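J.: Contents of target_25.txt (compact mmCIF, C-alpha atoms) are below:
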```txt
# COMPACT_ATOMS: atom_id res chain seq x y z
CA MET A 1 3.04 -27.15 24.50
CA HIS A 2 1.83 -24.32 26.72
CA ALA A 3 0.60 -21.16 25.00
CA PHE A 4 3.39 -19.07 26.51
CA ASP A 5 5.97 -21.57 25.27
CA VAL A 6 4.56 -21.18 21.77
CA LEU A 7 4.55 -17.38 21.99
CA GLY A 8 7.92 -17.23 23.71
CA ASP A 9 9.61 -17.53 20.35
CA PRO A 10 10.06 -14.20 18.53
CA VAL A 11 9.63 -15.81 15.10
CA ARG A 12 6.26 -17.27 16.02
CA ARG A 13 5.15 -13.98 17.57
CA ARG A 14 6.12 -12.19 14.35
CA ILE A 15 4.21 -14.73 12.25
CA LEU A 16 1.10 -14.08 14.36
CA GLU A 17 1.61 -10.33 13.93
CA LEU A 18 1.68 -10.80 10.16
CA LEU A 19 -1.42 -12.98 10.21
CA ALA A 20 -3.31 -10.58 12.48
CA ASP A 21 -3.66 -8.31 9.44
CA GLY A 22 -5.32 -11.09 7.44
CA GLU A 23 -4.82 -14.41 5.77
CA LEU A 24 -1.45 -15.00 4.07
CA SER A 25 0.05 -17.80 2.04
CA SER A 26 2.92 -19.78 3.50
CA GLY A 27 5.11 -18.27 0.78
CA GLN A 28 4.23 -14.73 1.84
CA VAL A 29 4.95 -15.53 5.48
CA THR A 30 8.20 -17.25 4.55
CA ALA A 31 9.40 -14.29 2.49
CA VAL A 32 8.99 -11.85 5.38
CA ILE A 33 10.40 -14.17 8.03
CA ARG A 34 13.41 -15.12 5.89
CA GLU A 35 14.18 -11.45 5.33
CA GLU A 36 13.74 -10.43 8.96
CA PHE A 37 15.23 -13.45 10.72
CA GLY A 38 17.40 -15.09 8.06
CA ILE A 39 15.98 -18.57 8.58
CA SER A 40 15.32 -21.11 5.86
CA GLN A 41 11.97 -22.05 4.33
CA PRO A 42 11.94 -25.38 6.22
CA GLY A 43 12.57 -23.45 9.44
CA VAL A 44 9.61 -21.16 8.76
CA SER A 45 7.49 -24.21 7.96
CA GLN A 46 8.39 -25.67 11.35
CA HIS A 47 7.23 -22.50 13.10
CA LEU A 48 3.99 -22.51 11.09
CA ARG A 49 3.47 -26.14 12.06
CA VAL A 50 3.98 -25.37 15.78
CA LEU A 51 1.43 -22.54 15.55
CA ARG A 52 -1.05 -24.74 13.70
CA ASP A 53 -0.57 -27.80 15.94
CA ASN A 54 -1.13 -25.66 19.04
CA GLY A 55 -4.27 -24.01 17.69
CA PHE A 56 -2.92 -20.50 17.04
CA THR A 57 -3.46 -20.67 13.28
CA THR A 58 -5.71 -22.33 10.79
CA VAL A 59 -4.62 -23.43 7.35
CA ARG A 60 -6.65 -24.04 4.22
CA ALA A 61 -5.72 -25.16 0.78
CA ASP A 62 -6.24 -22.84 -2.17
CA GLY A 63 -5.03 -24.80 -5.17
CA THR A 64 -1.36 -25.47 -4.49
CA ARG A 65 -1.09 -22.70 -1.91
CA ARG A 66 -1.61 -23.04 1.84
CA LEU A 67 -3.30 -20.02 3.39
CA TYR A 68 -2.77 -19.32 7.08
CA ALA A 69 -4.95 -17.25 9.41
CA VAL A 70 -5.01 -16.54 13.14
CA ASP A 71 -7.28 -18.71 15.26
CA PRO A 72 -8.20 -16.49 18.25
CA THR A 73 -9.16 -19.35 20.60
CA PRO A 74 -5.81 -19.76 22.40
CA LEU A 75 -5.39 -15.98 22.46
CA ARG A 76 -8.66 -15.75 24.39
CA GLU A 77 -7.28 -18.26 26.89
CA ILE A 78 -4.18 -16.11 27.34
CA ASP A 79 -6.37 -13.04 27.72
CA GLY A 80 -8.30 -14.84 30.46
CA TRP A 81 -5.08 -15.72 32.24
CA LEU A 82 -3.86 -12.11 31.97
CA ASP A 83 -7.14 -10.81 33.41
CA ARG A 84 -5.86 -11.54 36.91
CA TYR A 85 -2.97 -9.11 36.35
CA ARG A 86 -4.81 -6.26 34.64
CA ARG A 87 -5.28 -4.57 38.02
CA PHE A 88 -1.58 -3.68 37.89
CA TRP A 89 -1.79 -1.63 34.70
CA ARG A 90 -5.44 -0.63 34.35
CA PRO A 91 -5.49 2.20 36.97
CA PRO A 92 -2.36 3.93 35.58
CA LEU A 93 -3.76 3.66 32.04
CA ASP A 94 -7.11 5.04 33.18
CA ALA A 95 -5.29 7.93 34.89
CA LEU A 96 -3.34 8.59 31.70
CA ALA A 97 -6.56 8.64 29.66
CA THR A 98 -8.03 11.15 32.14
CA GLU A 99 -4.98 13.41 31.84
CA ILE A 100 -5.07 13.24 28.04
CA ALA A 101 -8.76 14.13 28.01
CA ARG A 102 -8.12 16.96 30.45
CA GLY A 103 -5.34 18.31 28.24
CA LYS A 104 -7.56 18.18 25.14
CA HIS A 105 -10.33 19.96 27.03
CA GLN A 106 -8.00 22.75 28.15
CA LYS A 107 -6.53 23.08 24.68
CA HIS A 108 -9.96 23.87 23.23
CA ARG A 109 -10.89 26.42 25.90
CA PRO A 110 -10.69 30.07 24.91
CA PRO A 111 -7.77 31.90 26.54
CA ILE A 112 -8.52 33.76 29.76
CA GLU A 113 -8.00 37.52 29.39
```
Can the structure in the file be given as structure tokens, please?
T.:
Amino acid sequence: MHAFDVLGDPVRRRILELLADGELSSGQVTAVIREEFGISQPGVSQHLRVLRDNGFTTVRADGTRRLYAVDPTPLREIDGWLDRYRRFWRPPLDALATEIARGKHQKHRPPIE
């Protein structure tokens, strides 16, 4: 499955968002996803399996719990693919940063009398 096919699903994107903050048990992930999306525990398990099988997450056993974490490798591949398109948004963002800095600079200047 292509990386964008994996990330095209909003449930899987949300799972990655949760895991980006740190390792979580499958039960913790399931609780959030069930509440937000209303899908069953087996459905959440399927999404976790897709993420794991496609390299987006790692899983380790901790007693009877399964702990999931983000594996950044496929995200780096996506970042590399996106690099070709950064030229479309980088200049406007750089211009915005310049304007913000200019506004902060003017804000701290003493008033002209």
J.: Name the closest residue to Ile15 (chain A) among the candidates A:Leu93, A:Pro74, A:Val44, A:Glu35; distances are taken between atoms, counting all atoms listed in the file.
T.: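 Among A:Leu93, A:Pro74, A:Val44, A:Glu35, it is A:Val44 that comes nearest to Ile15 (chain A).
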J.: Just how far from CA of Arg13 (chain A) is CA of Tyr68 (chain A), in Å to one decimal?
T.: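 Answer for the CA of Tyr68 (chain A) to CA of Arg13 (chain A) separation: 14.2 Å.
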J.: Quick one: pull the distance between CA of Leu96 (chain A) and CA of Arg76 (chain A), Å, one decimal.
T.: 26.0 Å
J.: The residues within 8 Å of (2.9, -19.7, 14.2), using only C-alpha atoms and the coordinates of the file, should be reported as a list in words; which are they?
T.: Val6, Val11, Arg12, Arg13, Ile15, Leu16, His47, Leu48, Arg49, Val50, Leu51, Arg52, Phe56 and Thr57 of chain A
J.: I'd like the interatomic distance between CA of Leu67 (chain A) and CA of Leu24 (chain A), to a tenth of an Å.
T.: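 Separation between CA of Leu67 (chain A) and CA of Leu24 (chain A): 5.4 Å.
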J.: Which residue out of A:Asp83, A:Glu23, A:Glu99, A:Glu36 has the minimum interatomic distance to Ala61 (chain A) when all atoms listed in the file are used?
T.: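 Checking each candidate against Ala61 (chain A), we get A:Glu23 as the closest.
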J.: With distances taken over all atoms listed in the file, which residue among A:Pro91, A:Gly80, A:Pro72, A:Pro10 lies nearest Phe37 (chain A)?
T.: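 Closest to Phe37 (chain A) of all the choices is A:Pro10.
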J.: Return as lines of an AutoDock Vina configuration file the centre and edge lengths, in Å with one decimal, of the box along x, y and z that encloses every atom of region 79-83 of chain A in the file, padded by 4 Å per side.
T.:
```
center_x = -6.1
center_y = -13.3
center_z = 30.6
size_x = 12.4
size_y = 12.9
size_z = 13.7
```
J.: Nearest to Thr58 (chain A): which of A:Gln46, A:Ser25, A:Gln106, A:Thr30 is it, counting all atoms listed in the file?
T.: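 For Thr58 (chain A), the nearest of the given residues is A:Ser25.
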J.: I'd like to know which of A:Asp53, A:Val32, A:Gly43, A:Leu82 is closest to Leu19 (chain A), using all atoms listed in the file.
T.: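 Of A:Asp53, A:Val32, A:Gly43, A:Leu82, the one nearest Leu19 (chain A), counting all atoms listed in the file, is A:Val32.
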J.: Starting from the point (1.2, -19.6, -5.0), work out which residues of protein, DNA or RNA have an atom no more than 9 Å away when counting all atoms listed in the file; state them as a list in words.
T.: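 Looking at atoms near the point gives Ser25, Ser26, Gly27, Gln28, Asp62, Gly63, Thr64, Arg65 and Arg66 of chain A.
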J.: Can I get a file of region 29-62 of chain A from the given structure, N, CA and C atoms kept, as a PDB file, in the first residue's frame?
T.:
```
ATOM      1  N   VAL A  29      -5.375   4.041  22.530  1.00  0.00           N
ATOM      2  CA  VAL A  29      -5.695   4.474  21.166  1.00  0.00           C
ATOM      3  C   VAL A  29      -7.153   4.140  20.856  1.00  0.00           C
ATOM      4  N   THR A  30      -7.549   2.927  21.185  1.00  0.00           N
ATOM      5  CA  THR A  30      -8.916   2.485  20.908  1.00  0.00           C
ATOM      6  C   THR A  30      -9.943   3.367  21.604  1.00  0.00           C
ATOM      7  N   ALA A  31      -9.683   3.723  22.849  1.00  0.00           N
ATOM      8  CA  ALA A  31     -10.635   4.556  23.594  1.00  0.00           C
ATOM      9  C   ALA A  31     -10.876   5.890  22.901  1.00  0.00           C
ATOM     10  N   VAL A  32      -9.813   6.534  22.453  1.00  0.00           N
ATOM     11  CA  VAL A  32      -9.954   7.831  21.786  1.00  0.00           C
ATOM     12  C   VAL A  32     -10.656   7.670  20.439  1.00  0.00           C
ATOM     13  N   ILE A  33     -10.220   6.705  19.658  1.00  0.00           N
ATOM     14  CA  ILE A  33     -10.768   6.523  18.314  1.00  0.00           C
ATOM     15  C   ILE A  33     -12.237   6.106  18.378  1.00  0.00           C
ATOM     16  N   ARG A  34     -12.582   5.251  19.332  1.00  0.00           N
ATOM     17  CA  ARG A  34     -13.990   4.855  19.472  1.00  0.00           C
ATOM     18  C   ARG A  34     -14.850   6.059  19.809  1.00  0.00           C
ATOM     19  N   GLU A  35     -14.351   6.916  20.686  1.00  0.00           N
ATOM     20  CA  GLU A  35     -15.107   8.105  21.075  1.00  0.00           C
ATOM     21  C   GLU A  35     -15.253   9.088  19.914  1.00  0.00           C
ATOM     22  N   GLU A  36     -14.168   9.309  19.188  1.00  0.00           N
ATOM     23  CA  GLU A  36     -14.184  10.309  18.123  1.00  0.00           C
ATOM     24  C   GLU A  36     -14.834   9.829  16.827  1.00  0.00           C
ATOM     25  N   PHE A  37     -14.678   8.542  16.512  1.00  0.00           N
ATOM     26  CA  PHE A  37     -15.159   8.034  15.227  1.00  0.00           C
ATOM     27  C   PHE A  37     -16.284   7.011  15.359  1.00  0.00           C
ATOM     28  N   GLY A  38     -16.516   6.520  16.571  1.00  0.00           N
ATOM     29  CA  GLY A  38     -17.589   5.555  16.782  1.00  0.00           C
ATOM     30  C   GLY A  38     -17.362   4.201  16.143  1.00  0.00           C
ATOM     31  N   ILE A  39     -16.113   3.810  15.977  1.00  0.00           N
ATOM     32  CA  ILE A  39     -15.855   2.488  15.395  1.00  0.00           C
ATOM     33  C   ILE A  39     -15.483   1.498  16.499  1.00  0.00           C
ATOM     34  N   SER A  40     -15.645   0.238  16.203  1.00  0.00           N
ATOM     35  CA  SER A  40     -15.444  -0.818  17.193  1.00  0.00           C
ATOM     36  C   SER A  40     -13.965  -1.069  17.463  1.00  0.00           C
ATOM     37  N   GLN A  41     -13.692  -1.784  18.531  1.00  0.00           N
ATOM     38  CA  GLN A  41     -12.314  -2.163  18.873  1.00  0.00           C
ATOM     39  C   GLN A  41     -11.672  -2.962  17.750  1.00  0.00           C
ATOM     40  N   PRO A  42     -12.374  -3.953  17.157  1.00  0.00           N
ATOM     41  CA  PRO A  42     -11.750  -4.655  16.024  1.00  0.00           C
ATOM     42  C   PRO A  42     -11.434  -3.729  14.847  1.00  0.00           C
ATOM     43  N   GLY A  43     -12.282  -2.731  14.632  1.00  0.00           N
ATOM     44  CA  GLY A  43     -12.010  -1.767  13.561  1.00  0.00           C
ATOM     45  C   GLY A  43     -10.754  -0.964  13.836  1.00  0.00           C
ATOM     46  N   VAL A  44     -10.583  -0.527  15.081  1.00  0.00           N
ATOM     47  CA  VAL A  44      -9.369   0.209  15.462  1.00  0.00           C
ATOM     48  C   VAL A  44      -8.150  -0.698  15.296  1.00  0.00           C
ATOM     49  N   SER A  45      -8.291  -1.942  15.703  1.00  0.00           N
ATOM     50  CA  SER A  45      -7.183  -2.902  15.560  1.00  0.00           C
ATOM     51  C   SER A  45      -6.766  -3.050  14.105  1.00  0.00           C
ATOM     52  N   GLN A  46      -7.745  -3.049  13.205  1.00  0.00           N
ATOM     53  CA  GLN A  46      -7.434  -3.141  11.772  1.00  0.00           C
ATOM     54  C   GLN A  46      -6.610  -1.941  11.315  1.00  0.00           C
ATOM     55  N   HIS A  47      -6.994  -0.742  11.760  1.00  0.00           N
ATOM     56  CA  HIS A  47      -6.243   0.453  11.399  1.00  0.00           C
ATOM     57  C   HIS A  47      -4.823   0.402  11.977  1.00  0.00           C
ATOM     58  N   LEU A  48      -4.704  -0.046  13.212  1.00  0.00           N
ATOM     59  CA  LEU A  48      -3.369  -0.188  13.812  1.00  0.00           C
ATOM     60  C   LEU A  48      -2.528  -1.183  13.025  1.00  0.00           C
ATOM     61  N   ARG A  49      -3.158  -2.260  12.577  1.00  0.00           N
ATOM     62  CA  ARG A  49      -2.436  -3.267  11.800  1.00  0.00           C
ATOM     63  C   ARG A  49      -1.956  -2.683  10.473  1.00  0.00           C
ATOM     64  N   VAL A  50      -2.811  -1.912   9.793  1.00  0.00           N
ATOM     65  CA  VAL A  50      -2.415  -1.289   8.521  1.00  0.00           C
ATOM     66  C   VAL A  50      -1.216  -0.366   8.748  1.00  0.00           C
ATOM     67  N   LEU A  51      -1.273   0.444   9.799  1.00  0.00           N
ATOM     68  CA  LEU A  51      -0.150   1.340  10.103  1.00  0.00           C
ATOM     69  C   LEU A  51       1.123   0.552  10.395  1.00  0.00           C
ATOM     70  N   ARG A  52       0.994  -0.500  11.182  1.00  0.00           N
ATOM     71  CA  ARG A  52       2.163  -1.322  11.521  1.00  0.00           C
ATOM     72  C   ARG A  52       2.707  -2.043  10.294  1.00  0.00           C
ATOM     73  N   ASP A  53       1.823  -2.678   9.516  1.00  0.00           N
ATOM     74  CA  ASP A  53       2.264  -3.445   8.347  1.00  0.00           C
ATOM     75  C   ASP A  53       2.916  -2.571   7.281  1.00  0.00           C
ATOM     76  N   ASN A  54       2.572  -1.292   7.268  1.00  0.00           N
ATOM     77  CA  ASN A  54       3.141  -0.377   6.278  1.00  0.00           C
ATOM     78  C   ASN A  54       4.270   0.473   6.842  1.00  0.00           C
ATOM     79  N   GLY A  55       4.714   0.151   8.047  1.00  0.00           N
ATOM     80  CA  GLY A  55       5.908   0.768   8.612  1.00  0.00           C
ATOM     81  C   GLY A  55       5.706   2.093   9.313  1.00  0.00           C
ATOM     82  N   PHE A  56       4.461   2.538   9.501  1.00  0.00           N
ATOM     83  CA  PHE A  56       4.218   3.823  10.146  1.00  0.00           C
ATOM     84  C   PHE A  56       4.282   3.758  11.665  1.00  0.00           C
ATOM     85  N   THR A  57       4.102   2.567  12.214  1.00  0.00           N
ATOM     86  CA  THR A  57       4.176   2.403  13.665  1.00  0.00           C
ATOM     87  C   THR A  57       5.018   1.189  14.002  1.00  0.00           C
ATOM     88  N   THR A  58       5.496   1.213  15.232  1.00  0.00           N
ATOM     89  CA  THR A  58       6.133   0.034  15.813  1.00  0.00           C
ATOM     90  C   THR A  58       5.245  -0.411  16.959  1.00  0.00           C
ATOM     91  N   VAL A  59       5.369  -1.665  17.336  1.00  0.00           N
ATOM     92  CA  VAL A  59       4.600  -2.180  18.465  1.00  0.00           C
ATOM     93  C   VAL A  59       5.532  -3.042  19.300  1.00  0.00           C
ATOM     94  N   ARG A  60       5.375  -2.930  20.608  1.00  0.00           N
ATOM     95  CA  ARG A  60       6.158  -3.778  21.507  1.00  0.00           C
ATOM     96  C   ARG A  60       5.245  -4.256  22.619  1.00  0.00           C
ATOM     97  N   ALA A  61       5.555  -5.431  23.087  1.00  0.00           N
ATOM     98  CA  ALA A  61       4.777  -6.016  24.175  1.00  0.00           C
ATOM     99  C   ALA A  61       5.288  -5.503  25.507  1.00  0.00           C
ATOM    100  N   ASP A  62       4.351  -5.202  26.391  1.00  0.00           N
ATOM    101  CA  ASP A  62       4.663  -4.821  27.770  1.00  0.00           C
ATOM    102  C   ASP A  62       3.685  -5.597  28.645  1.00  0.00           C
TER     103      ASP A  62
END
```
